[in-house]
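A.B. asks: So here's coords.pdb (PDB, C-alpha atoms).
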```pdb
MODEL        1
ATOM      1  CA  MET G1001    -184.704   9.030  60.464
ATOM      2  CA  SER G1002    -185.227   8.850  64.185
ATOM      3  CA  GLY G1003    -187.336  11.075  66.408
ATOM      4  CA  VAL G1004    -186.408  14.158  68.401
ATOM      5  CA  SER G1005    -186.584  14.889  72.106
ATOM      6  CA  CYS G1006    -189.919  15.816  73.672
ATOM      7  CA  VAL G1007    -188.488  19.223  74.611
ATOM      8  CA  GLY G1008    -187.444  19.873  71.016
ATOM      9  CA  LEU G1009    -190.775  18.637  69.732
ATOM     10  CA  ASN G1010    -192.802  20.808  72.089
ATOM     11  CA  LYS G1011    -190.752  23.900  71.164
ATOM     12  CA  ALA G1012    -191.186  23.194  67.465
ATOM     13  CA  MET G1013    -194.926  22.771  67.943
ATOM     14  CA  ARG G1014    -195.124  26.166  69.615
ATOM     15  CA  ASP G1015    -192.767  27.948  67.220
ATOM     16  CA  GLY G1016    -194.420  26.487  64.148
ATOM     17  CA  GLY G1017    -197.939  27.331  65.274
ATOM     18  CA  TYR G1018    -199.022  23.726  65.760
ATOM     19  CA  ALA G1019    -199.824  23.823  69.484
ATOM     20  CA  GLU G1020    -203.538  23.927  70.237
ATOM     21  CA  GLY G1021    -205.396  24.239  73.521
ATOM     22  CA  TRP G1022    -208.506  22.260  74.320
ATOM     23  CA  GLU G1023    -211.269  22.786  76.878
ATOM     24  CA  ASP G1024    -213.773  19.999  77.158
ATOM     25  CA  GLY G1025    -217.252  21.368  76.683
ATOM     26  CA  ALA G1026    -216.230  24.724  75.269
ATOM     27  CA  ASP G1027    -214.276  23.188  72.362
ATOM     28  CA  GLY G1028    -215.975  19.811  72.083
ATOM     29  CA  ALA G1029    -215.565  16.473  73.807
ATOM     30  CA  LEU G1030    -212.432  14.377  74.247
ATOM     31  CA  LEU G1031    -212.838  10.611  74.462
ATOM     32  CA  ALA G1032    -209.450   9.608  75.878
ATOM     33  CA  ASP G1033    -207.758   6.207  75.772
ATOM     34  CA  VAL G1034    -210.244   4.561  73.432
ATOM     35  CA  ALA G1035    -209.081   0.981  72.872
ATOM     36  CA  TYR G1036    -209.177  -0.101  69.232
ATOM     37  CA  GLY G1037    -207.506  -3.482  69.849
ATOM     38  CA  ALA G1038    -206.475  -5.880  72.598
ATOM     39  CA  ARG G1039    -202.801  -4.902  72.923
ATOM     40  CA  GLU G1040    -201.789  -2.431  75.612
ATOM     41  CA  TRP G1041    -200.625   0.201  73.137
ATOM     42  CA  GLU G1042    -203.660  -0.006  70.851
ATOM     43  CA  LEU G1043    -205.244   3.202  72.087
ATOM     44  CA  MET G1044    -206.379   6.444  70.563
ATOM     45  CA  ASP G1045    -207.932   9.728  71.591
ATOM     46  CA  VAL G1046    -211.084  10.786  69.776
ATOM     47  CA  TYR G1047    -212.163  14.421  69.515
ATOM     48  CA  LEU G1048    -215.820  15.248  68.936
ATOM     49  CA  PRO G1049    -216.603  18.733  67.597
ATOM     50  CA  LYS G1050    -218.721  20.978  69.790
ATOM     51  CA  GLU G1051    -221.437  21.094  67.141
ATOM     52  CA  ARG G1052    -222.125  18.630  64.351
ATOM     53  CA  ASP G1053    -221.876  20.188  60.907
ATOM     54  CA  PRO G1054    -224.312  18.301  58.621
ATOM     55  CA  SER G1055    -221.871  18.547  55.698
ATOM     56  CA  LYS G1056    -219.087  16.897  57.736
ATOM     57  CA  LEU G1057    -220.863  13.903  59.236
ATOM     58  CA  LYS G1058    -219.469  11.352  56.772
ATOM     59  CA  GLY G1059    -215.794  12.371  57.020
ATOM     60  CA  ALA G1060    -213.124  11.980  59.692
ATOM     61  CA  ILE G1061    -209.389  12.609  60.113
ATOM     62  CA  LEU G1062    -206.831  10.274  61.714
ATOM     63  CA  PHE G1063    -203.400  11.493  62.838
ATOM     64  CA  VAL G1064    -200.405   9.139  63.151
ATOM     65  CA  HIS G1065    -197.378  10.185  65.221
ATOM     66  CA  GLY G1066    -193.721  10.055  64.241
ATOM     67  CA  GLY G1067    -190.674   8.825  66.122
ATOM     68  CA  GLY G1068    -188.649   6.728  63.726
ATOM     69  CA  TRP G1069    -191.044   3.745  63.998
ATOM     70  CA  THR G1070    -189.452   3.034  67.406
ATOM     71  CA  SER G1071    -190.703   5.826  69.691
ATOM     72  CA  GLY G1072    -193.174   8.699  69.958
ATOM     73  CA  SER G1073    -196.685   9.094  71.280
ATOM     74  CA  ARG G1074    -200.131  10.072  70.077
ATOM     75  CA  ALA G1075    -199.708  13.237  72.167
ATOM     76  CA  ASN G1076    -197.307  14.424  69.433
ATOM     77  CA  GLU G1077    -200.315  14.832  67.121
ATOM     78  CA  GLN G1078    -202.882  16.161  69.576
ATOM     79  CA  GLY G1079    -202.454  19.756  68.396
ATOM     80  CA  PHE G1080    -203.550  18.744  64.902
ATOM     81  CA  ALA G1081    -206.428  16.582  66.162
ATOM     82  CA  ARG G1082    -207.663  19.410  68.366
ATOM     83  CA  HIS G1083    -207.347  22.042  65.644
ATOM     84  CA  PHE G1084    -209.357  20.165  63.047
ATOM     85  CA  ALA G1085    -211.951  19.052  65.604
ATOM     86  CA  LYS G1086    -212.501  22.769  66.228
ATOM     87  CA  GLU G1087    -212.942  23.081  62.462
ATOM     88  CA  GLY G1088    -215.871  20.682  62.765
ATOM     89  CA  TRP G1089    -214.296  17.300  61.958
ATOM     90  CA  LEU G1090    -214.396  14.075  63.912
ATOM     91  CA  THR G1091    -210.691  13.456  64.586
ATOM     92  CA  ALA G1092    -208.451  10.962  66.350
ATOM     93  CA  ASN G1093    -204.753  10.451  67.103
ATOM     94  CA  MET G1094    -203.520   6.913  67.635
ATOM     95  CA  GLU G1095    -200.779   4.822  69.186
ATOM     96  CA  TYR G1096    -199.398   1.850  67.263
ATOM     97  CA  MET G1097    -196.873  -0.984  67.437
ATOM     98  CA  LEU G1098    -193.345   0.389  67.792
ATOM     99  CA  TYR G1099    -190.242  -1.630  67.105
ATOM    100  CA  ASN G1100    -188.626  -1.302  70.541
ATOM    101  CA  TYR G1101    -187.953  -3.006  73.861
ATOM    102  CA  LYS G1102    -191.653  -3.380  74.654
ATOM    103  CA  LEU G1103    -192.065  -6.050  72.002
ATOM    104  CA  SER G1104    -191.400  -9.677  72.808
ATOM    105  CA  ALA G1105    -188.804 -11.589  70.816
ATOM    106  CA  GLU G1106    -191.640 -13.293  68.928
ATOM    107  CA  GLU G1107    -193.296  -9.970  68.111
ATOM    108  CA  LYS G1108    -190.010  -8.530  66.906
ATOM    109  CA  ALA G1109    -189.394 -11.541  64.715
ATOM    110  CA  GLY G1110    -192.791 -11.077  63.080
ATOM    111  CA  TYR G1111    -192.683  -7.299  62.834
ATOM    112  CA  SER G1112    -193.006  -5.214  59.693
ATOM    113  CA  VAL G1113    -194.619  -1.841  59.030
ATOM    114  CA  TYR G1114    -197.480  -3.783  57.467
ATOM    115  CA  LYS G1115    -198.428  -4.890  60.987
ATOM    116  CA  VAL G1116    -198.937  -1.198  61.751
ATOM    117  CA  LEU G1117    -201.085  -0.773  58.642
ATOM    118  CA  ASP G1118    -203.275  -3.576  59.992
ATOM    119  CA  GLU G1119    -203.587  -1.568  63.205
ATOM    120  CA  ILE G1120    -204.657   1.495  61.232
ATOM    121  CA  ASP G1121    -207.469  -0.655  59.801
ATOM    122  CA  LEU G1122    -208.514  -1.477  63.366
ATOM    123  CA  ALA G1123    -208.242   2.134  64.532
ATOM    124  CA  LEU G1124    -210.390   3.364  61.654
ATOM    125  CA  ALA G1125    -212.978   0.673  62.320
ATOM    126  CA  LYS G1126    -213.158   1.804  65.940
ATOM    127  CA  LEU G1127    -213.324   5.471  64.912
ATOM    128  CA  LYS G1128    -216.247   4.633  62.623
ATOM    129  CA  GLU G1129    -217.940   2.769  65.487
ATOM    130  CA  VAL G1130    -217.399   5.568  68.002
ATOM    131  CA  GLY G1131    -218.513   8.122  65.455
ATOM    132  CA  ALA G1132    -221.758   6.224  64.867
ATOM    133  CA  GLU G1133    -222.459   6.377  68.598
ATOM    134  CA  HIS G1134    -222.314  10.172  68.361
ATOM    135  CA  GLY G1135    -224.223  10.770  65.156
ATOM    136  CA  TYR G1136    -221.455  10.371  62.555
ATOM    137  CA  ASP G1137    -221.745   7.979  59.633
ATOM    138  CA  VAL G1138    -218.094   7.909  58.560
ATOM    139  CA  GLU G1139    -217.525   6.826  54.972
ATOM    140  CA  LYS G1140    -214.248   8.572  54.148
ATOM    141  CA  VAL G1141    -211.152   9.563  56.097
ATOM    142  CA  ALA G1142    -208.029  11.609  55.683
ATOM    143  CA  VAL G1143    -204.849  10.178  57.224
ATOM    144  CA  SER G1144    -202.031  12.514  58.240
ATOM    145  CA  GLY G1145    -198.805  12.315  60.214
ATOM    146  CA  HIS G1146    -195.314  13.620  60.752
ATOM    147  CA  SER G1147    -192.075  11.856  59.747
ATOM    148  CA  ALA G1148    -192.576   8.112  60.371
ATOM    149  CA  GLY G1149    -196.259   8.867  60.900
ATOM    150  CA  GLY G1150    -196.421  10.570  57.514
ATOM    151  CA  HIS G1151    -194.687   7.583  55.940
ATOM    152  CA  LEU G1152    -197.289   5.273  57.477
ATOM    153  CA  ALA G1153    -200.110   7.580  56.359
ATOM    154  CA  MET G1154    -198.869   7.473  52.756
ATOM    155  CA  LEU G1155    -198.139   3.750  52.723
ATOM    156  CA  TYR G1156    -201.570   3.043  54.167
ATOM    157  CA  GLY G1157    -203.352   5.368  51.767
ATOM    158  CA  TYR G1158    -201.559   3.970  48.718
ATOM    159  CA  THR G1159    -202.030   0.287  49.632
ATOM    160  CA  TYR G1160    -205.147   0.106  51.793
ATOM    161  CA  LYS G1161    -207.155  -1.677  49.098
ATOM    162  CA  THR G1162    -204.430  -3.937  47.728
ATOM    163  CA  ARG G1163    -202.107  -5.039  50.509
ATOM    164  CA  GLU G1164    -202.239  -8.587  51.831
ATOM    165  CA  ASN G1165    -204.687  -8.996  54.741
ATOM    166  CA  ALA G1166    -206.136  -5.509  54.100
ATOM    167  CA  ASN G1167    -209.486  -4.912  55.768
ATOM    168  CA  PRO G1168    -210.234  -1.209  55.283
ATOM    169  CA  PRO G1169    -213.443  -0.130  57.031
ATOM    170  CA  VAL G1170    -213.687   3.183  55.149
ATOM    171  CA  GLU G1171    -212.325   4.830  52.018
ATOM    172  CA  VAL G1172    -209.202   6.993  52.229
ATOM    173  CA  ALA G1173    -210.066  10.378  50.729
ATOM    174  CA  PHE G1174    -206.559  11.851  50.930
ATOM    175  CA  VAL G1175    -203.302  11.696  52.863
ATOM    176  CA  ALA G1176    -201.323  14.615  54.284
ATOM    177  CA  PRO G1177    -197.747  13.576  55.205
ATOM    178  CA  ARG G1178    -195.318  16.040  56.796
ATOM    179  CA  ALA G1179    -191.521  15.534  56.552
ATOM    180  CA  ALA G1180    -192.127  11.905  55.626
ATOM    181  CA  PRO G1181    -189.769   9.349  54.060
ATOM    182  CA  SER G1182    -191.184   8.161  50.753
ATOM    183  CA  ASP G1183    -188.389   6.332  48.902
ATOM    184  CA  PHE G1184    -186.003   3.596  50.013
ATOM    185  CA  TYR G1185    -185.444   1.945  46.650
ATOM    186  CA  THR G1186    -183.883   4.333  44.117
ATOM    187  CA  PRO G1187    -180.079   4.311  43.593
ATOM    188  CA  GLY G1188    -178.298   6.131  46.409
ATOM    189  CA  ALA G1189    -181.199   5.906  48.855
ATOM    190  CA  TRP G1190    -178.939   4.104  51.337
ATOM    191  CA  GLY G1191    -175.862   6.282  50.788
ATOM    192  CA  PRO G1192    -172.551   5.431  49.050
ATOM    193  CA  GLY G1193    -172.186   1.774  48.182
ATOM    194  CA  ASP G1194    -168.719   1.660  49.726
ATOM    195  CA  GLY G1195    -169.982   2.976  53.078
ATOM    196  CA  ASP G1196    -171.121   1.023  56.117
ATOM    197  CA  LEU G1197    -174.531  -0.303  55.191
ATOM    198  CA  SER G1198    -175.044  -2.518  58.227
ATOM    199  CA  GLY G1199    -177.372   0.031  59.828
ATOM    200  CA  PRO G1200    -179.556   0.482  56.727
ATOM    201  CA  ALA G1201    -179.644  -3.306  56.290
ATOM    202  CA  SER G1202    -180.899  -3.742  59.840
ATOM    203  CA  PHE G1203    -183.468  -0.985  59.295
ATOM    204  CA  LEU G1204    -184.745  -2.557  56.086
ATOM    205  CA  SER G1205    -184.924  -5.973  57.756
ATOM    206  CA  PHE G1206    -187.243  -4.896  60.552
ATOM    207  CA  MET G1207    -189.292  -2.483  58.441
ATOM    208  CA  SER G1208    -189.995  -4.946  55.629
ATOM    209  CA  GLY G1209    -189.828  -8.216  57.564
ATOM    210  CA  VAL G1210    -187.297  -9.492  55.003
ATOM    211  CA  ALA G1211    -183.845 -10.371  56.407
ATOM    212  CA  THR G1212    -181.345  -8.172  54.548
ATOM    213  CA  THR G1213    -177.553  -7.783  54.792
ATOM    214  CA  ALA G1214    -175.195  -4.969  53.853
ATOM    215  CA  ASP G1215    -174.010  -7.015  50.881
ATOM    216  CA  ASP G1216    -177.621  -7.326  49.725
ATOM    217  CA  LEU G1217    -177.860  -3.535  49.602
ATOM    218  CA  ARG G1218    -174.613  -2.931  47.738
ATOM    219  CA  GLY G1219    -175.945  -4.562  44.582
ATOM    220  CA  PRO G1220    -178.689  -4.093  45.293
ATOM    221  CA  ASN G1221    -179.929  -7.597  44.671
ATOM    222  CA  GLU G1222    -183.535  -8.303  43.722
ATOM    223  CA  LYS G1223    -184.492  -9.404  47.221
ATOM    224  CA  ALA G1224    -183.277  -6.150  48.764
ATOM    225  CA  LEU G1225    -184.839  -4.073  46.017
ATOM    226  CA  ALA G1226    -188.221  -5.771  46.449
ATOM    227  CA  ALA G1227    -188.050  -5.326  50.227
ATOM    228  CA  ALA G1228    -187.156  -1.636  49.855
ATOM    229  CA  ARG G1229    -189.942  -1.028  47.380
ATOM    230  CA  SER G1230    -192.448  -2.735  49.683
ATOM    231  CA  ILE G1231    -191.945  -0.046  52.349
ATOM    232  CA  SER G1232    -191.632   2.921  49.958
ATOM    233  CA  PRO G1233    -194.848   4.893  49.453
ATOM    234  CA  ALA G1234    -193.489   6.393  46.217
ATOM    235  CA  ALA G1235    -193.303   2.906  44.701
ATOM    236  CA  PHE G1236    -197.105   2.609  44.839
ATOM    237  CA  ILE G1237    -198.056   5.963  43.337
ATOM    238  CA  GLY G1238    -198.290   4.563  39.833
ATOM    239  CA  GLU G1239    -200.701   1.891  40.980
ATOM    240  CA  SER G1240    -203.164   3.266  43.495
ATOM    241  CA  ALA G1241    -202.210   6.645  44.953
ATOM    242  CA  VAL G1242    -204.845   8.830  46.585
ATOM    243  CA  PRO G1243    -204.761  12.664  46.638
ATOM    244  CA  THR G1244    -201.715  13.801  48.597
ATOM    245  CA  LEU G1245    -200.862  17.045  50.390
ATOM    246  CA  ALA G1246    -197.172  16.878  51.373
ATOM    247  CA  ALA G1247    -195.020  19.216  53.478
ATOM    248  CA  TYR G1248    -191.205  19.169  53.771
ATOM    249  CA  GLY G1249    -188.511  21.290  55.396
ATOM    250  CA  GLY G1250    -185.991  23.094  53.213
ATOM    251  CA  LYS G1251    -183.293  22.564  55.862
ATOM    252  CA  ASP G1252    -184.271  19.070  56.965
ATOM    253  CA  SER G1253    -181.187  16.910  57.556
ATOM    254  CA  VAL G1254    -183.248  13.922  58.761
ATOM    255  CA  VAL G1255    -185.513  13.484  55.728
ATOM    256  CA  PRO G1256    -183.605  15.040  52.800
ATOM    257  CA  PHE G1257    -184.984  16.657  49.662
ATOM    258  CA  THR G1258    -184.658  13.398  47.714
ATOM    259  CA  GLN G1259    -187.721  12.172  49.597
ATOM    260  CA  TYR G1260    -190.037  14.817  48.216
ATOM    261  CA  MET G1261    -188.342  14.654  44.835
ATOM    262  CA  ALA G1262    -189.455  11.024  44.656
ATOM    263  CA  LEU G1263    -193.064  12.158  45.080
ATOM    264  CA  ILE G1264    -192.625  14.874  42.455
ATOM    265  CA  ARG G1265    -191.139  12.292  40.092
ATOM    266  CA  GLU G1266    -193.870   9.707  40.530
ATOM    267  CA  PHE G1267    -196.834  12.072  40.548
ATOM    268  CA  GLY G1268    -195.258  13.888  37.601
ATOM    269  CA  LYS G1269    -195.473  10.707  35.575
ATOM    270  CA  ARG G1270    -199.228  10.973  36.017
ATOM    271  CA  GLY G1271    -199.282  14.648  35.123
ATOM    272  CA  GLU G1272    -200.271  15.622  38.651
ATOM    273  CA  GLY G1273    -199.009  18.598  40.639
ATOM    274  CA  GLY G1274    -200.523  21.814  41.936
ATOM    275  CA  SER G1275    -199.343  25.387  42.314
ATOM    276  CA  PRO G1276    -197.465  26.337  45.498
ATOM    277  CA  GLU G1277    -200.056  29.108  45.955
ATOM    278  CA  THR G1278    -203.341  27.376  45.079
ATOM    279  CA  PRO G1279    -204.369  23.779  45.775
ATOM    280  CA  SER G1280    -204.690  21.674  42.656
ATOM    281  CA  GLY G1281    -208.041  20.947  41.047
ATOM    282  CA  SER G1282    -210.633  18.297  41.672
ATOM    283  CA  GLY G1283    -209.034  15.571  39.558
ATOM    284  CA  THR G1284    -207.930  12.397  41.320
ATOM    285  CA  PRO G1285    -205.267  11.725  42.218
ATOM    286  CA  VAL G1286    -203.768  15.125  42.861
ATOM    287  CA  PHE G1287    -200.537  16.138  44.513
ATOM    288  CA  ASP G1288    -199.613  19.360  46.286
ATOM    289  CA  LEU G1289    -196.238  20.058  47.877
ATOM    290  CA  LEU G1290    -195.461  22.807  50.380
ATOM    291  CA  ILE G1291    -191.832  23.550  51.243
ATOM    292  CA  PHE G1292    -190.979  25.149  54.590
ATOM    293  CA  PRO G1293    -187.790  26.928  53.403
ATOM    294  CA  ASN G1294    -186.331  27.878  56.787
ATOM    295  CA  SER G1295    -187.345  24.777  58.711
ATOM    296  CA  ASN G1296    -185.596  21.633  59.801
ATOM    297  CA  HIS G1297    -187.312  18.292  60.309
ATOM    298  CA  MET G1298    -189.930  19.660  62.704
ATOM    299  CA  LEU G1299    -191.158  22.324  60.244
ATOM    300  CA  GLY G1300    -191.088  24.842  63.082
ATOM    301  CA  SER G1301    -189.547  27.964  61.522
ATOM    302  CA  ASP G1302    -192.074  29.008  58.892
ATOM    303  CA  PRO G1303    -195.352  29.945  60.626
ATOM    304  CA  GLY G1304    -196.607  31.549  57.415
ATOM    305  CA  VAL G1305    -196.269  28.256  55.570
ATOM    306  CA  THR G1306    -197.920  26.495  58.504
ATOM    307  CA  GLN G1307    -200.963  28.687  57.954
ATOM    308  CA  LYS G1308    -200.880  27.937  54.228
ATOM    309  CA  TRP G1309    -200.661  24.212  54.982
ATOM    310  CA  ARG G1310    -203.810  24.517  57.106
ATOM    311  CA  GLU G1311    -205.558  26.348  54.281
ATOM    312  CA  PHE G1312    -204.579  23.597  51.843
ATOM    313  CA  PHE G1313    -205.677  20.931  54.324
ATOM    314  CA  ASN G1314    -209.043  22.649  54.707
ATOM    315  CA  ALA G1315    -209.384  22.849  50.917
ATOM    316  CA  TYR G1316    -208.669  19.127  50.585
ATOM    317  CA  SER G1317    -211.121  18.339  53.392
ATOM    318  CA  GLN G1318    -213.815  20.435  51.786
ATOM    319  CA  ARG G1319    -213.224  18.810  48.420
ATOM    320  CA  TYR G1320    -212.913  15.167  49.473
ATOM    321  CA  LEU G1321    -214.664  14.751  52.820
ATOM    322  CA  THR G1322    -217.753  16.962  52.862
ATOM    323  CA  ILE G1323    -221.098  15.618  51.711
ATOM    324  CA  ASN G1324    -222.102  18.525  49.485
ATOM    325  CA  GLU G1325    -218.805  18.642  47.594
ATOM    326  CA  ARG G1326    -218.766  14.925  46.915
ATOM    327  CA  LEU G1327    -222.372  15.035  45.665
ATOM    328  CA  SER G1328    -221.518  17.872  43.287
ATOM    329  CA  ASP G1329    -218.596  15.854  41.833
ATOM    330  CA  ASN G1330    -220.878  12.956  40.843
TER
ENDMDL
END
```
Kindly return the structure encoded in the file as structure tokens.
C.D. replies:
Amino acid sequence: MSGVSCVGLNKAMRDGGYAEGWEDGADGALLADVAYGAREWELMDVYLPKERDPSKLKGAILFVHGGGWTSGSRANEQGFARHFAKEGWLTANMEYMLYNYKLSAEEKAGYSVYKVLDEIDLALAKLKEVGAEHGYDVEKVAVSGHSAGGHLAMLYGYTYKTRENANPPVEVAFVAPRAAPSDFYTPGAWGPGDGDLSGPASFLSFMSGVATTADDLRGPNEKALAAARSISPAAFIGESAVPTLAAYGGKDSVVPFTQYMALIREFGKRGEGGSPETPSGSGTPVFDLLIFPNSNHMLGSDPGVTQKWREFFNAYSQRYLTINERLSDN
């Protein structure tokens, strides 16, 4: 579930309708390279709408990039941050700790995706602070991302109140993952048991922070199962899921259909699931799934569905982030 080349990503952004221009002043204001922590990579870009909409002053949207948890850049999500800033929302796209050569041996030894979730806490705290400096009193956020970024968005949204060391500065109103892994724990998630599972074992070890071997996965034994569940957003849906708008490619060979089927399965247990044409109702949690039938992992071959995804995203934002809508629900 690794990333794609920058050339391929940029083409997919254009083909799928995700690219978005930005002119400071005419479109709003870009606050670039805002540090949310002390580490060199702990940066984000914040987009301020041109005009402040009174109904949108207490909501914000954070975008998390993909890249297989080892690569990628916040620039991958700038089209989304720009687009929704033009829609009137305070938005940001962030960098985070990647498991790659830039980490020291000590940092690698202590790595897990939960370290990244801690960074999302910090980024949201900084976004709230920056927003306050510009007239926003952020109480709720939406978190969205592609691939690994979508996985992190879901895992954060489903555990932000319950995970160890959690320090959420704001409430998560909804998550909007795109082409995101959700399930590493059901039978067959790692492939045939008689195959080479050394790669998956290494992946699970660094993602969960629990040393795991290929033999551990073949059982799987309880240690491996617990580690796999700990990094699987679908495993937390029964406990504390927030409203979720998910998008997946019908021809995605990187994140296969089993990943969205896990979401369907778990939300189905709660009786949640909307129509593919109309976003689901105001109950919480809710779950909506959009399939891009002609698209691979980058969701770049179905511009019509891209437009529908934006419409759904706007509907979720209106329902869960705006002041007037939230007052009417009480």
A.B. asks: How would you write, as a list in words, the residues chosen by the PyMOL selection byres ((chain G and resi 1213) around 10) on this structure?
C.D. replies: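 This file, filtered by the PyMOL selection byres ((chain G and resi 1213) around 10), leaves Leu1197, Ser1198, Gly1199, Pro1200, Ala1201, Ser1202, Leu1204, Ser1205, Val1210, Ala1211, Thr1212, Ala1214, Asp1215, Asp1216, Leu1217, Arg1218 and Ala1224 of chain G.
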A.B. asks: Using only C-alpha atoms, which of the listed residues (G:Ala1109, G:Ala1060, G:Ile1323, G:Ile1237) sits closest to Thr1159 of chain G?
C.D. replies: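 Among G:Ala1109, G:Ala1060, G:Ile1323, G:Ile1237, it is G:Ile1237 that comes nearest to Thr1159 of chain G.
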A.B. asks: List as a PyMOL selection string the residues having at least one atom at most 8 Å from position (-185.1, 12.8, 55.5) as given in the file, counting only C-alpha atoms.
C.D. replies: chain G and resi 1001+1179-1181+1252-1259+1297
A.B. asks: Written as a ChimeraX atom specification, what is the full residue list that the PyMOL selection byres ((chain G and resi 1148) around 8) yields on the file shown?
C.D. replies: /G:1001,1065-1069,1145-1147,1149-1152,1180-1181
A.B. asks: Could you state the separation of atom CA of Gly1271 of chain G and atom CA of Asp1288 of chain G in Å, given to one decimal place?
C.D. replies: 12.1 Å
A.B. asks: Mind checking which residues fall within 10 Å of Asn1165 of chain G, counting all atoms listed in the file, ignoring those fewer than 6 positions away in the same chain, and posting them as JSON, numbers by chain?
C.D. replies: {"G": [1114, 1115, 1117, 1118]}
A.B. asks: Got a sec: who's within 8 Å of Asn1296 of chain G, counting all atoms listed in the file, leaving out chain neighbours fewer than 3 positions off, as a list of chain:residue names?
C.D. replies: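 Returned residues: G:Gly1249, G:Gly1250, G:Lys1251, G:Asp1252, G:Ser1253, G:Leu1299, G:Gly1300, G:Ser1301.
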A.B. asks: Which residue gives the smallest distance to Ala1038 of chain G among G:Leu1103, G:Val1143, G:Leu1122, G:Val1286, with only C-alpha atoms counted?
C.D. replies: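 Comparing G:Leu1103, G:Val1143, G:Leu1122, G:Val1286 against Ala1038 of chain G, the winner is G:Leu1122.
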A.B. asks: Using only C-alpha atoms, pick whichever of G:Asp1033, G:Asp1183, G:Asp1024, G:Glu1051 has the shortest atom-to-atom distance to Gly1088 of chain G.
C.D. replies: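 Counting only C-alpha atoms, the residue closest to Gly1088 of chain G is G:Glu1051.
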A.B. asks: So the first atom is atom CA of Tyr1248 of chain G and the second is atom CA of Trp1089 of chain G; what is the distance between them in Å, to one decimal place?
C.D. replies: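 According to the coordinates, atom CA of Tyr1248 of chain G and atom CA of Trp1089 of chain G are separated by 24.6 Å.
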A.B. asks: Could you expand the PyMOL selection byres ((chain G and resi 1234) around 7) into the explicit residues it covers here, written as a ChimeraX atom specification?
C.D. replies: /G:1182-1183,1232-1233,1235-1237,1262-1263,1266
A.B. asks: Dump C-alpha atoms for the selected residues as a PDB file, in the coordinates of the input?
C.D. replies:
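Saved as result.pdb:
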```pdb
ATOM      1  CA  SER G1182    -191.184   8.161  50.753  1.00  0.00           C
ATOM      2  CA  ASP G1183    -188.389   6.332  48.902  1.00  0.00           C
ATOM      3  CA  SER G1232    -191.632   2.921  49.958  1.00  0.00           C
ATOM      4  CA  PRO G1233    -194.848   4.893  49.453  1.00  0.00           C
ATOM      5  CA  ALA G1235    -193.303   2.906  44.701  1.00  0.00           C
ATOM      6  CA  PHE G1236    -197.105   2.609  44.839  1.00  0.00           C
ATOM      7  CA  ILE G1237    -198.056   5.963  43.337  1.00  0.00           C
ATOM      8  CA  ALA G1262    -189.455  11.024  44.656  1.00  0.00           C
ATOM      9  CA  LEU G1263    -193.064  12.158  45.080  1.00  0.00           C
ATOM     10  CA  GLU G1266    -193.870   9.707  40.530  1.00  0.00           C
TER      11      GLU G1266
END
```
A.B. asks: Closest to Arg1178 of chain G among G:Met1097, G:Ser1144, G:Lys1161, G:Glu1129, using all atoms listed in the file?
C.D. replies: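 Of all the options, G:Ser1144 lies closest to Arg1178 of chain G.
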A.B. asks: Figure out the distance between atom CA of Phe1084 of chain G and atom CA of Ala1019 of chain G, please, to one decimal in Å.
C.D. replies: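 Computed distance, atom CA of Ala1019 of chain G to atom CA of Phe1084 of chain G, equals 12.1 Å.
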A.B. asks: Write out as a PyMOL selection string each polymer residue whose atoms come within 8 Å of segment 1312-1316 of chain G, counting only C-alpha atoms; drop sequence neighbours fewer than 2 positions from it.
C.D. replies: chain G and resi 1174+1176+1245+1278-1279+1308-1310+1318-1321
A.B. asks: Please provide as a PyMOL selection string all residues within 8 Å of segment 1098-1102 of chain G, with the sequence filter that same-chain residues fewer than 4 positions apart are discarded (counting all atoms listed in the file).
C.D. replies: chain G and resi 1069-1071+1108+1111+1206
A.B. asks: Here is a test: counting all atoms listed in the file, which residue of G:Gly1037, G:Gly1268, G:Pro1187, G:Gly1209 is nearest to Ala1227 of chain G?
C.D. replies: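 Counting all atoms listed in the file, the residue closest to Ala1227 of chain G is G:Gly1209.
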A.B. asks: For Gly1021 of chain G, work out the shell of residues within 12 Å, counting only C-alpha atoms and skipping chain neighbours fewer than 5 positions away, then give it as a list in words.
C.D. replies: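 The contact residues come out as Met1013, Arg1014, Ala1026, Asp1027, Gly1028, Gln1078, Gly1079, Phe1080, Ala1081, Arg1082, His1083, Phe1084, Ala1085 and Lys1086 of chain G.
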